[in-house]
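S.K.: Dropping in run_32.txt, with compact mmCIF, C-alpha atoms.
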```
# COMPACT_ATOMS: atom_id res chain seq x y z
CA MET R 1 132.79 -26.20 -8.48
CA GLU R 2 134.51 -28.22 -5.74
CA LYS R 3 136.75 -29.96 -8.29
CA ASN R 4 137.70 -26.62 -9.82
CA MET R 5 138.60 -25.22 -6.39
CA THR R 6 140.73 -28.30 -5.67
CA ARG R 7 142.53 -27.90 -8.99
CA ILE R 8 143.17 -24.21 -8.29
CA ALA R 9 144.55 -25.07 -4.85
CA ILE R 10 146.87 -27.67 -6.35
CA LEU R 11 148.10 -25.23 -8.97
CA ILE R 12 148.79 -22.66 -6.24
CA ILE R 13 150.79 -25.26 -4.30
CA ALA R 14 152.71 -26.18 -7.45
CA ALA R 15 153.49 -22.54 -8.15
CA ALA R 16 154.64 -22.05 -4.55
CA LEU R 17 156.93 -25.07 -4.72
CA ILE R 18 158.46 -23.86 -7.98
CA SER R 19 158.87 -20.35 -6.64
CA CYS R 20 160.47 -21.50 -3.39
CA ASN R 21 162.99 -23.64 -5.23
CA SER R 22 163.81 -21.30 -8.11
CA GLY R 23 165.68 -18.69 -6.14
CA ASN R 24 168.98 -20.56 -6.44
CA GLY R 25 168.81 -20.73 -10.24
CA LYS R 26 167.76 -23.36 -12.72
CA ARG R 27 169.20 -26.54 -14.17
CA ALA R 28 169.19 -27.63 -17.80
CA ILE R 29 167.12 -30.52 -19.11
CA SER R 30 168.42 -31.16 -22.63
CA LEU R 31 166.21 -33.18 -24.91
CA SER R 32 166.64 -34.74 -28.34
CA VAL R 33 163.77 -36.82 -29.70
CA GLU R 34 164.34 -38.05 -33.24
CA GLY R 35 161.15 -37.64 -35.27
CA ALA R 36 159.57 -35.10 -32.89
CA GLY R 37 160.57 -31.95 -34.76
CA ASP R 38 158.45 -28.88 -33.91
CA HIS R 39 156.61 -30.74 -31.12
CA MET R 40 156.10 -29.30 -27.62
CA ALA R 41 158.02 -30.97 -24.81
CA TYR R 42 157.02 -30.55 -21.15
CA PHE R 43 158.79 -31.06 -17.86
CA ASP R 44 156.17 -32.10 -15.30
CA MET R 45 156.05 -32.52 -11.53
CA PHE R 46 153.43 -34.62 -9.76
CA LEU R 47 150.87 -33.50 -7.19
CA ASN R 48 148.35 -36.03 -5.86
CA GLY R 49 149.62 -38.39 -8.54
CA ARG R 50 148.74 -36.00 -11.38
CA PRO R 51 151.30 -34.27 -13.62
CA TYR R 52 151.56 -30.46 -13.75
CA HIS R 53 153.73 -28.50 -16.18
CA VAL R 54 156.80 -26.81 -14.71
CA ASP R 55 158.47 -25.80 -17.98
CA SER R 56 158.16 -26.44 -21.70
CA VAL R 57 160.00 -25.96 -24.96
CA ARG R 58 159.13 -26.30 -28.61
CA LEU R 59 161.61 -28.71 -30.13
CA ASP R 60 163.41 -27.54 -33.26
CA GLY R 61 163.16 -29.25 -36.62
CA LYS R 62 165.54 -31.98 -35.46
CA GLY R 63 163.63 -32.61 -32.27
CA ARG R 64 166.07 -30.80 -29.99
CA GLY R 65 165.47 -28.37 -27.16
CA THR R 66 166.49 -27.37 -23.67
CA MET R 67 164.30 -26.57 -20.69
CA LYS R 68 165.43 -24.54 -17.68
CA VAL R 69 163.87 -26.20 -14.67
CA PRO R 70 163.91 -24.89 -11.05
CA PHE R 71 165.86 -26.77 -8.40
CA LEU R 72 162.92 -28.89 -7.24
CA PRO R 73 163.27 -31.42 -4.39
CA LEU R 74 164.08 -35.10 -4.79
CA ASP R 75 161.06 -36.80 -6.37
CA PHE R 76 159.58 -38.44 -9.45
CA TYR R 77 159.24 -36.16 -12.51
CA ARG R 78 158.55 -36.71 -16.18
CA ILE R 79 159.23 -35.42 -19.67
CA ALA R 80 156.19 -35.57 -21.94
CA VAL R 81 156.09 -35.25 -25.72
CA GLY R 82 152.71 -35.86 -27.32
CA ASN R 83 151.25 -39.02 -25.79
CA GLU R 84 154.63 -40.32 -24.66
CA GLN R 85 156.44 -39.84 -21.40
CA PHE R 86 159.76 -40.56 -19.75
CA VAL R 87 159.51 -40.89 -15.96
CA MET R 88 162.65 -40.08 -13.97
CA VAL R 89 163.86 -39.36 -10.46
CA LEU R 90 165.83 -36.15 -9.92
CA ASP R 91 167.32 -34.55 -6.86
CA SER R 92 167.34 -30.79 -6.27
CA ALA R 93 170.19 -29.96 -8.64
CA GLU R 94 170.76 -32.81 -11.12
CA GLN R 95 171.04 -31.89 -14.80
CA LEU R 96 169.77 -34.34 -17.39
CA THR R 97 170.45 -35.07 -21.06
CA VAL R 98 167.95 -37.32 -22.84
CA GLU R 99 168.19 -38.78 -26.33
CA ALA R 100 165.32 -40.86 -27.68
CA GLN R 101 163.19 -41.66 -30.68
CA VAL R 102 159.51 -41.05 -31.31
CA GLY R 103 157.59 -44.08 -30.06
CA MET R 104 160.36 -44.99 -27.59
CA LEU R 105 160.56 -41.98 -25.26
CA ALA R 106 159.88 -44.21 -22.24
CA THR R 107 163.12 -46.11 -22.96
CA PRO R 108 165.54 -43.47 -24.26
CA VAL R 109 168.78 -44.36 -25.97
CA ARG R 110 170.61 -42.06 -23.55
CA ALA R 111 169.70 -40.45 -20.24
CA GLU R 112 172.69 -39.01 -18.42
CA GLY R 113 173.30 -36.69 -15.50
CA SER R 114 171.15 -38.19 -12.73
CA SER R 115 172.28 -41.00 -10.45
CA HIS R 116 168.69 -41.55 -9.28
CA THR R 117 167.42 -41.88 -12.85
CA ASP R 118 170.30 -44.25 -13.63
CA ALA R 119 169.19 -46.48 -10.75
CA LEU R 120 165.55 -46.37 -11.88
CA ARG R 121 166.48 -47.28 -15.46
CA ARG R 122 168.72 -50.11 -14.25
CA PHE R 123 165.83 -51.57 -12.27
CA GLN R 124 163.41 -51.19 -15.18
CA GLU R 125 165.80 -52.87 -17.62
CA GLU R 126 166.43 -55.77 -15.24
CA ALA R 127 162.70 -56.12 -14.57
CA GLN R 128 161.96 -56.25 -18.30
CA GLY R 129 164.64 -58.90 -18.79
CA PHE R 130 163.21 -60.92 -15.89
CA GLU R 131 159.67 -60.71 -17.27
CA ALA R 132 160.79 -61.76 -20.75
CA LYS R 133 162.68 -64.76 -19.36
CA VAL R 134 159.76 -65.82 -17.16
CA ALA R 135 157.33 -65.49 -20.06
CA GLY R 136 159.54 -67.76 -22.19
CA LEU R 137 159.84 -70.37 -19.45
CA ARG R 138 156.10 -70.36 -18.81
CA MET R 139 155.42 -70.80 -22.50
CA ALA R 140 157.81 -73.74 -22.61
CA LEU R 141 156.13 -75.28 -19.55
CA ALA R 142 152.71 -74.85 -21.12
CA GLN R 143 153.93 -76.95 -24.03
CA ASP R 144 155.72 -79.49 -21.82
CA PRO R 145 154.55 -79.35 -18.17
CA SER R 146 156.72 -82.34 -17.25
CA ASN R 147 159.99 -80.55 -18.07
CA GLN R 148 161.54 -80.37 -14.60
CA ALA R 149 164.58 -78.44 -15.83
CA ASN R 150 162.36 -75.57 -17.01
CA MET R 151 160.41 -75.63 -13.75
CA ASP R 152 163.62 -75.50 -11.71
CA GLU R 153 164.93 -72.63 -13.83
CA LEU R 154 161.66 -70.72 -13.44
CA ASN R 155 161.79 -71.08 -9.65
CA ALA R 156 165.44 -70.09 -9.55
CA THR R 157 164.76 -67.06 -11.75
CA ASN R 158 161.95 -65.87 -9.48
CA VAL R 159 164.10 -66.27 -6.38
CA ALA R 160 167.07 -64.50 -7.98
CA HIS R 161 164.94 -61.56 -9.12
CA TYR R 162 163.34 -61.25 -5.69
CA GLU R 163 166.75 -61.17 -4.01
CA ARG R 164 168.04 -58.69 -6.59
CA CYS R 165 165.10 -56.38 -5.85
CA LYS R 166 165.94 -56.53 -2.15
CA GLN R 167 169.53 -55.58 -2.99
CA LEU R 168 168.40 -52.63 -5.15
CA VAL R 169 166.15 -51.38 -2.37
CA GLN R 170 168.99 -51.50 0.13
CA GLU R 171 171.27 -49.66 -2.30
CA ASN R 172 168.67 -46.93 -2.92
CA SER R 173 166.73 -46.79 0.36
CA GLY R 174 166.99 -42.99 0.49
CA SER R 175 165.72 -42.53 -3.06
CA PRO R 176 162.16 -42.67 -4.44
CA VAL R 177 163.53 -45.37 -6.73
CA ALA R 178 163.17 -47.74 -3.78
CA ILE R 179 159.39 -47.25 -3.83
CA SER R 180 159.23 -48.57 -7.40
CA VAL R 181 161.34 -51.62 -6.54
CA LEU R 182 159.40 -52.42 -3.37
CA GLY R 183 156.32 -52.96 -5.52
CA ARG R 184 157.81 -56.36 -6.36
CA LEU R 185 158.36 -57.44 -2.76
CA ASN R 186 156.03 -58.84 -0.10
CA MET R 187 155.46 -56.11 2.50
CA GLN R 188 154.67 -58.45 5.38
CA GLN R 189 157.64 -60.68 4.62
CA GLU R 190 160.09 -57.78 4.10
CA PHE R 191 158.53 -55.34 6.53
CA GLU R 192 161.83 -54.27 8.11
CA LEU R 193 163.06 -53.24 4.66
CA PHE R 194 159.85 -51.28 4.02
CA LYS R 195 160.30 -49.47 7.33
CA GLN R 196 163.92 -48.68 6.48
CA VAL R 197 162.88 -47.05 3.20
CA ARG R 198 160.09 -45.12 4.94
CA ASP R 199 162.47 -43.78 7.56
CA ASP R 200 165.19 -42.90 5.04
CA LEU R 201 162.79 -41.15 2.64
CA ARG R 202 161.34 -39.17 5.55
CA LYS R 203 164.73 -37.45 5.63
CA THR R 204 165.35 -37.07 1.88
CA ALA R 205 161.91 -36.63 0.27
CA PRO R 206 159.38 -35.77 3.01
CA ASN R 207 157.15 -33.64 0.76
CA SER R 208 156.88 -36.14 -2.09
CA GLY R 209 153.29 -37.25 -2.65
CA PHE R 210 154.59 -40.68 -3.68
CA PHE R 211 156.51 -40.97 -0.41
CA GLN R 212 153.54 -39.81 1.65
CA GLY R 213 151.27 -42.44 0.12
CA PHE R 214 153.94 -45.09 0.69
CA ARG R 215 154.54 -43.85 4.26
CA ASP R 216 150.83 -44.09 5.10
CA GLN R 217 150.69 -47.64 3.75
CA VAL R 218 153.67 -48.72 5.86
CA ASP R 219 152.31 -46.91 8.93
CA ARG R 220 148.99 -48.76 8.61
CA MET R 221 150.75 -52.10 8.34
CA GLU R 222 152.94 -51.25 11.33
CA GLN R 223 149.89 -50.46 13.47
CA GLU R 224 148.18 -53.68 12.37
CA MET R 225 151.27 -55.70 13.26
CA ILE R 226 151.51 -53.99 16.66
CA MET R 227 147.87 -54.84 17.36
CA MET R 228 148.33 -58.44 16.20
CA LYS R 229 151.39 -58.82 18.43
CA ALA R 230 149.48 -57.38 21.39
CA GLN R 231 146.62 -59.82 20.76
CA GLU R 232 149.02 -62.76 20.53
CA GLU R 233 150.68 -61.73 23.80
CA GLU R 234 147.29 -61.41 25.48
CA MET R 235 146.27 -64.86 24.22
CA ARG R 236 149.51 -66.32 25.58
CA ARG R 237 148.92 -64.56 28.90
CA LEU R 238 145.38 -65.91 29.15
CA SER R 239 146.52 -69.40 28.16
CA ASN R 240 149.08 -69.36 30.94
CA LEU R 241 146.44 -68.29 33.45
CA LEU R 242 144.45 -71.47 32.89
CA PRO R 243 146.39 -74.05 30.84
CA LEU R 244 144.47 -76.83 29.12
CA GLY R 245 144.05 -79.86 31.41
CA SER R 246 144.46 -77.90 34.61
CA VAL R 247 141.93 -77.84 37.47
CA ALA R 248 139.28 -75.15 37.00
CA PRO R 249 139.30 -72.37 39.61
CA GLU R 250 136.52 -72.36 42.15
CA ILE R 251 133.34 -70.46 41.24
CA GLN R 252 130.61 -69.90 43.83
CA GLN R 253 127.34 -68.09 43.03
CA ASN R 254 123.69 -68.17 44.05
CA THR R 255 121.24 -70.22 42.00
CA PRO R 256 118.00 -68.59 40.71
CA ASP R 257 116.44 -69.91 43.95
CA GLY R 258 118.95 -68.00 46.05
CA VAL R 259 120.88 -71.08 47.17
CA SER R 260 124.68 -70.87 47.24
CA PHE R 261 126.26 -73.28 44.75
CA ALA R 262 129.96 -74.01 44.11
CA LEU R 263 131.57 -75.44 40.99
CA SER R 264 133.45 -77.95 43.12
CA GLN R 265 130.12 -79.59 43.95
CA LEU R 266 130.08 -80.92 40.38
CA ARG R 267 133.55 -82.48 40.58
CA GLY R 268 133.63 -85.80 38.70
CA LYS R 269 130.90 -84.80 36.24
CA VAL R 270 130.97 -83.25 32.75
CA VAL R 271 130.41 -79.52 33.25
CA LEU R 272 129.59 -76.95 30.58
CA ILE R 273 130.18 -73.33 31.59
CA ASP R 274 129.08 -70.48 29.33
CA PHE R 275 129.56 -66.83 30.27
CA TRP R 276 127.08 -64.62 28.43
CA ALA R 277 124.81 -61.58 28.75
CA SER R 278 121.35 -60.91 27.38
CA TRP R 279 122.56 -57.64 25.80
CA CYS R 280 125.51 -59.34 24.05
CA ARG R 281 124.47 -60.02 20.46
CA PRO R 282 127.34 -62.45 19.66
CA CYS R 283 126.49 -64.31 22.88
CA ARG R 284 122.85 -64.69 21.85
CA ILE R 285 123.89 -65.86 18.39
CA GLU R 286 126.04 -68.52 20.05
CA ASN R 287 123.21 -69.71 22.36
CA PRO R 288 121.84 -72.38 19.93
CA ASN R 289 125.33 -73.91 19.66
CA VAL R 290 125.63 -74.03 23.46
CA LYS R 291 122.24 -75.71 23.65
CA ARG R 292 123.29 -78.34 21.10
CA VAL R 293 126.40 -79.15 23.15
CA TYR R 294 124.25 -79.40 26.27
CA GLU R 295 121.80 -81.77 24.61
CA ARG R 296 124.70 -83.94 23.49
CA PHE R 297 126.36 -84.27 26.90
CA LYS R 298 123.52 -83.77 29.41
CA ALA R 299 123.17 -87.48 30.10
CA ARG R 300 126.85 -87.72 31.09
CA ALA R 301 126.57 -84.55 33.13
CA SER R 302 123.88 -86.11 35.34
CA ARG R 303 125.99 -89.08 36.54
CA SER R 304 129.35 -89.42 38.17
CA LEU R 305 132.39 -90.27 36.09
CA ALA R 306 134.05 -92.13 38.93
```
Let me see the structure of the file written as structure tokens.
M.R.:
Amino acid sequence: MEKNMTRIAILIIAAALISCNSGNGKRAISLSVEGAGDHMAYFDMFLNGRPYHVDSVRLDGKGRGTMKVPFLPLDFYRIAVGNEQFVMVLDSAEQLTVEAQVGMLATPVRAEGSSHTDALRRFQEEAQGFEAKVAGLRMALAQDPSNQANMDELNATNVAHYERCKQLVQENSGSPVAISVLGRLNMQQEFELFKQVRDDLRKTAPNSGFFQGFRDQVDRMEQEMIMMKAQEEEMRRLSNLLPLGSVAPEIQQNTPDGVSFALSQLRGKVVLIDFWASWCRPCRIENPNVKRVYERFKARASRSLA
């Protein structure tokens, strides 16, 4: 019952988004899929990562048809025919013409009319070429591990692809395309670039579920890094308060017998100081280790080092 209610709510949201963006007209999505005559084709949007139909058309005998799609916001969308799909990125008004063959809808022969989709396809084609080259080099190295030339080329190829991905992200930081490319980069190492994309997409695609998931991931990392920096600064501050090798500050307390005792009275001897509380579980766990240290050095602690 709960799942059905969630699905109904999502469908209502989808309908509201389509309705809100359809008042200014519709744009044409022209499709030609050789070998898909008389098949249904769907234009889908994504909500919570799941596709929902926005429009559909039955392709004619030659696999051709046109869908009239509302002016939806910048985001990932897809065309689905049977079990195949073509994922694209469209802004609020881009038209699109797609030509493909059955079995190869994901990599159409032609997809024109969308600069965002062009960028996504360019990245995908370069990524496929990179993966094919790396696979070939790894196979060659498996046969001859001592071939330094192949190893050098593999390393250079990895570095070049990494740098190319950074370039593509910078060129498309305000497009959801950047999210796809960032999947190949190290977030911690390139965190400033991740933040740039988050901030740019907040302006261009704030309602995209893909952006929101990406935003939350970057926000979590940012908070973790802020906390780590604060901890490092606190450790530096504490280290500066009492640098290693410096004279310990004076401590004066009463013994269990009520006699005043100062740390300076032990000057010249090995002194072990442990601050702990009976209610502190980590302290109690550490007690056996403190006792072992005491047993090891107690003989030296009882005589002067002078």
S.K.: Rounded to one decimal, what separation in Å do you get between atom CA of R:Ile79 and atom CA of R:Gln167?
M.R.: 28.1 Å
S.K.: For a quick check of understanding, using all atoms listed in the file, which of R:Leu96, R:Asn287, R:Ala106, R:Glu34 has the smallest distance to R:Asn83?
M.R.: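 So, comparing all the options, the nearest one is R:Ala106.
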S.K.: Quick one: pull the distance between atom CA of R:Gly63 and atom CA of R:Val102, Å, one decimal.
M.R.: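 Result for atom CA of R:Gly63 versus atom CA of R:Val102: 9.4 Å, one decimal.
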S.K.: Looking at only C-alpha atoms, which of R:Leu263, R:Ala132, R:Met139, R:Ala119 is the one that sits closest to R:Leu168?
M.R.: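 Of the candidates, the smallest distance to R:Leu168 is held by R:Ala119.
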S.K.: For the point (160.5, -30.0, -38.1) in the file's frame, write as a list in words all residues with an atom no more than 12 Å away, counting all atoms listed in the file.
M.R.: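 Here is the list of nearby residues: Val33, Glu34, Gly35, Ala36, Gly37, Asp38, His39, Met40, Arg58, Leu59, Asp60, Gly61, Lys62, Gly63 and Arg64 of chain R.
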S.K.: Leaving out stretch 210-212 of chain R and any residue of its chain fewer than 6 positions from it, which residues lie within 9 Å of it when counting only C-alpha atoms, given as a compact mmCIF listing (two decimals) with C-alpha atoms, keeping the file's coordinate frame?
M.R.:
```txt
# COMPACT_ATOMS: atom_id res chain seq x y z
CA PHE R 46 153.43 -34.62 -9.76
CA LEU R 47 150.87 -33.50 -7.19
CA ASN R 48 148.35 -36.03 -5.86
CA GLY R 49 149.62 -38.39 -8.54
CA ASP R 75 161.06 -36.80 -6.37
CA PHE R 76 159.58 -38.44 -9.45
CA PRO R 176 162.16 -42.67 -4.44
CA ILE R 179 159.39 -47.25 -3.83
CA ARG R 198 160.09 -45.12 4.94
CA LEU R 201 162.79 -41.15 2.64
CA ARG R 202 161.34 -39.17 5.55
```
S.K.: Just give me the gap between atom CA of R:Asp274 and atom CA of R:Val293 in Å, one decimal is fine.
M.R.: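 Distance reported for this atom pair: 11.0 Å.
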S.K.: At a cut-off of 10 Å from (153.3, -51.5, 10.8) in the coordinates of the file, what residues are picked up using all atoms listed in the file, written as an MDAnalysis selection string?
M.R.: chainID R and resid 187:188 191:192 194:195 216:227
S.K.: Any idea what's packed within 10 Å of R:Thr66, counting only C-alpha atoms, ignoring anything in its chain fewer than 5 positions away? Could you give it as a PyMOL selection string?
M.R.: chain R and resi 27-32+41+55-59+96-97
S.K.: Work out where the centre of an axis-aligned box around every listed atom of stretch 246-250 of chain R lies and how long its edges are once 4 Å is added on each side; give both in Å to one decimal as lines of an AutoDock Vina configuration file.
M.R.:
```
center_x = 140.5
center_y = -75.1
center_z = 38.4
size_x = 15.9
size_y = 13.5
size_z = 15.5
```
S.K.: Give me, as a Markdown table, each residue of stretch 173-285 of chain R that comes within 9 Å of stretch 123-130 of chain R, together with its shortest interatomic pair and the distance in Å at one decimal, counting all atoms listed in the file, with rows ordered by chain and rising residue number.
M.R.:
```
| residue | atom | partner | partner_atom | distance |
| --- | --- | --- | --- | --- |
| R:Val177 | CA | R:Phe123 | CA | 8.6 |
| R:Ser180 | CA | R:Phe123 | CA | 8.7 |
| R:Val181 | CA | R:Phe123 | CA | 7.3 |
```
S.K.: Excluding R:Val247 and any residue of its chain fewer than 4 positions from it, enumerate the residues within 12 Å of it, using all atoms listed in the file, and give them as a PyMOL selection string.
M.R.: chain R and resi 241-243+251+263-264+267-268
